[in-house]
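Before any comments, here is the structure.
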Amino acid sequence: ANGLKTGLFGKKIVYFEKVDSTNTVAKRLADQGADEGTIVVAEEQTGGRGRLDRSFISPFAQGIWFSLILRPTFPPMEVSKLTLVAAVALTKVLRRAGLIHCGIKWPNDILVGDKKLVGILTELNASVEKINYVVMGIGINTALGKKALPRELKKTVTSFAIENVPVQRVELLQDVLRELERYYDVAGEQGFAPILEEWKVLSCMLGRDVEVSASDRSFTGKAVTLDENGNLMVETANGMERVLAGDVRVRPV
Ligand code: BTN
């Protein structure tokens, strides 16, 4: 009925012209018992949020800003892998849509060259042993123009429009939801291992020198692989470092 060729994801759509953050709304709906697969979409976010307390620019009709409610049955520890799964699904779709050179920056950005095209913000509501829900917020810059970007972001952010690749937002969202659902099902049935292998192939980071900065330490090294939990393995002068998602920035040097 909604034109989406998915089973569960996007079966229920909550749409806003303008909202503070689709993640905030989705969390509220999930608290009230919204079904898995419900999505919250907005034309514009006035308080779009990113990782590490950063804001996320989301002007009217210039991108796809949405949040997906999930109720996975795997343990809370596995949630960071879910973000890697989403990045794989998204990268597949975006390459098919014509951004053939996009790749994944660990843990959860999709870049074209060194510029960010997609951000993913995964928020978890769980007890120690059980996930209550996950809200996966995804922002894809489609028509976003340089004009909408503050000066400091002009060199680090991109969009379909900036890359001169035409795109239809509705079709792209349909494709994204379909692929997200497909990969989510694979993870549920076969576990994360095969998807982490795909992540390595689609990453634009492995083999590159990176600078890692967390609140308590920072170092440089070469990103070599992912471990089985989706942590980034960085080879430094003092040996191998395991980088856990969370309060960490990784940037290519
Ligand atoms: C990041 O860049 O660190 C993640 C950005 C995530 C942005 C999306 S847009 C839809 C959803 N609502 C938000 O407030 N954030 C996410």
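We name chains A, B, ... following the order of the structure tokens; residues begin at 1 in each chain, and ligands are numbered from 1 as shown.
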With the cut-off set at 6 Å and counting only C-alpha atoms and all ligand atoms, tabulate each residue of chain A with an atom at most that distance from an atom of ligand 1, showing the nearest atom pair and its distance in Å to one decimal, ordered by chain and increasing number, as JSON lines.
```
{"residue": "A:Ser21", "atom": "CA", "partner": "ligand 1", "partner_atom_place_in_ligand_line": "14 (O)", "distance": 4.0}
{"residue": "A:Thr22", "atom": "CA", "partner": "ligand 1", "partner_atom_place_in_ligand_line": "12 (N)", "distance": 4.4}
{"residue": "A:Asn23", "atom": "CA", "partner": "ligand 1", "partner_atom_place_in_ligand_line": "12 (N)", "distance": 4.4}
{"residue": "A:Gly48", "atom": "CA", "partner": "ligand 1", "partner_atom_place_in_ligand_line": "14 (O)", "distance": 3.5}
{"residue": "A:Arg49", "atom": "CA", "partner": "ligand 1", "partner_atom_place_in_ligand_line": "14 (O)", "distance": 3.7}
{"residue": "A:Gly50", "atom": "CA", "partner": "ligand 1", "partner_atom_place_in_ligand_line": "3 (O)", "distance": 3.4}
{"residue": "A:Arg51", "atom": "CA", "partner": "ligand 1", "partner_atom_place_in_ligand_line": "3 (O)", "distance": 3.7}
{"residue": "A:Phe56", "atom": "CA", "partner": "ligand 1", "partner_atom_place_in_ligand_line": "7 (C)", "distance": 5.7}
{"residue": "A:Trp65", "atom": "CA", "partner": "ligand 1", "partner_atom_place_in_ligand_line": "10 (C)", "distance": 4.1}
{"residue": "A:Phe66", "atom": "CA", "partner": "ligand 1", "partner_atom_place_in_ligand_line": "10 (C)", "distance": 4.4}
{"residue": "A:Ser67", "atom": "CA", "partner": "ligand 1", "partner_atom_place_in_ligand_line": "11 (C)", "distance": 5.4}
{"residue": "A:Gly119", "atom": "CA", "partner": "ligand 1", "partner_atom_place_in_ligand_line": "5 (C)", "distance": 3.8}
{"residue": "A:Ile120", "atom": "CA", "partner": "ligand 1", "partner_atom_place_in_ligand_line": "4 (C)", "distance": 4.2}
{"residue": "A:Leu121", "atom": "CA", "partner": "ligand 1", "partner_atom_place_in_ligand_line": "4 (C)", "distance": 4.4}
{"residue": "A:Gly137", "atom": "CA", "partner": "ligand 1", "partner_atom_place_in_ligand_line": "11 (C)", "distance": 3.7}
{"residue": "A:Ile138", "atom": "CA", "partner": "ligand 1", "partner_atom_place_in_ligand_line": "8 (C)", "distance": 4.2}
{"residue": "A:Gly139", "atom": "CA", "partner": "ligand 1", "partner_atom_place_in_ligand_line": "9 (S)", "distance": 3.6}
```
Would you write out, as CSV, a table of all residues in stretch 50-167 of chain A that have an atom no more than 9 Å from an atom of stretch 9-19 of chain A, listing for each the closest atom pair and the distance in Å to one decimal, considering only C-alpha atoms and ordering rows by chain and rising residue number?
```
residue,atom,partner,partner_atom,distance
A:Phe60,CA,A:Lys18,CA,7.9
A:Leu68,CA,A:Phe9,CA,7.6
A:Ile69,CA,A:Phe9,CA,8.7
```
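When atom CA of A:Val250 is paired with atom CA of A:Glu211, their separation reads 5.5 Å.
We find atom CA of A:Ile162 and atom CA of A:Gly98 to be spaced 13.0 Å apart.
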Exercise for review: Using only C-alpha atoms, determine which residues lie at most 10 Å from stretch 232-234 of chain A, disregarding the query and same-chain residues fewer than 5 positions distant; provide the list as a ChimeraX atom specification.
Suggested key: /A:106-107,205-212,219-227,239-245,250
Review point. Which of these residues is nearest to A:Leu117, using only C-alpha atoms: A:Asp35, A:Glu163, A:Glu152, A:Glu129?
Key: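 Of A:Asp35, A:Glu163, A:Glu152, A:Glu129, the one nearest A:Leu117, counting only C-alpha atoms, is A:Glu163.
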Practice item. Determine the nearest neighbour of A:Ile100 from the options A:Ala126, A:Val165, A:Val40, A:Leu70, counting only C-alpha atoms. Key: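 Among A:Ala126, A:Val165, A:Val40, A:Leu70, it is A:Val165 that comes nearest to A:Ile100.
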Exercise for review: Using only C-alpha atoms, pick whichever of A:Asn141, A:Leu172, A:Thr122, A:Gln45 has the shortest atom-to-atom distance to A:Ile110.
Suggested key: A:Asn141
**Study point:** Within 12 Å of A:Pro150 using only C-alpha atoms, minus same-chain residues under 4 positions, as an NGL selection string
**Key:** :A and (55-57 or 145-146 or 154-157)
**Study point:** One-decimal distance in Å that lies between atom CA of A:Arg249 and atom CA of A:Ala237
**Key:** 19.2 Å
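Among the candidates A:Ser127, A:Ser213, A:Gln190, A:Thr73, the one nearest to A:Pro252 when counting only C-alpha atoms is A:Ser213.
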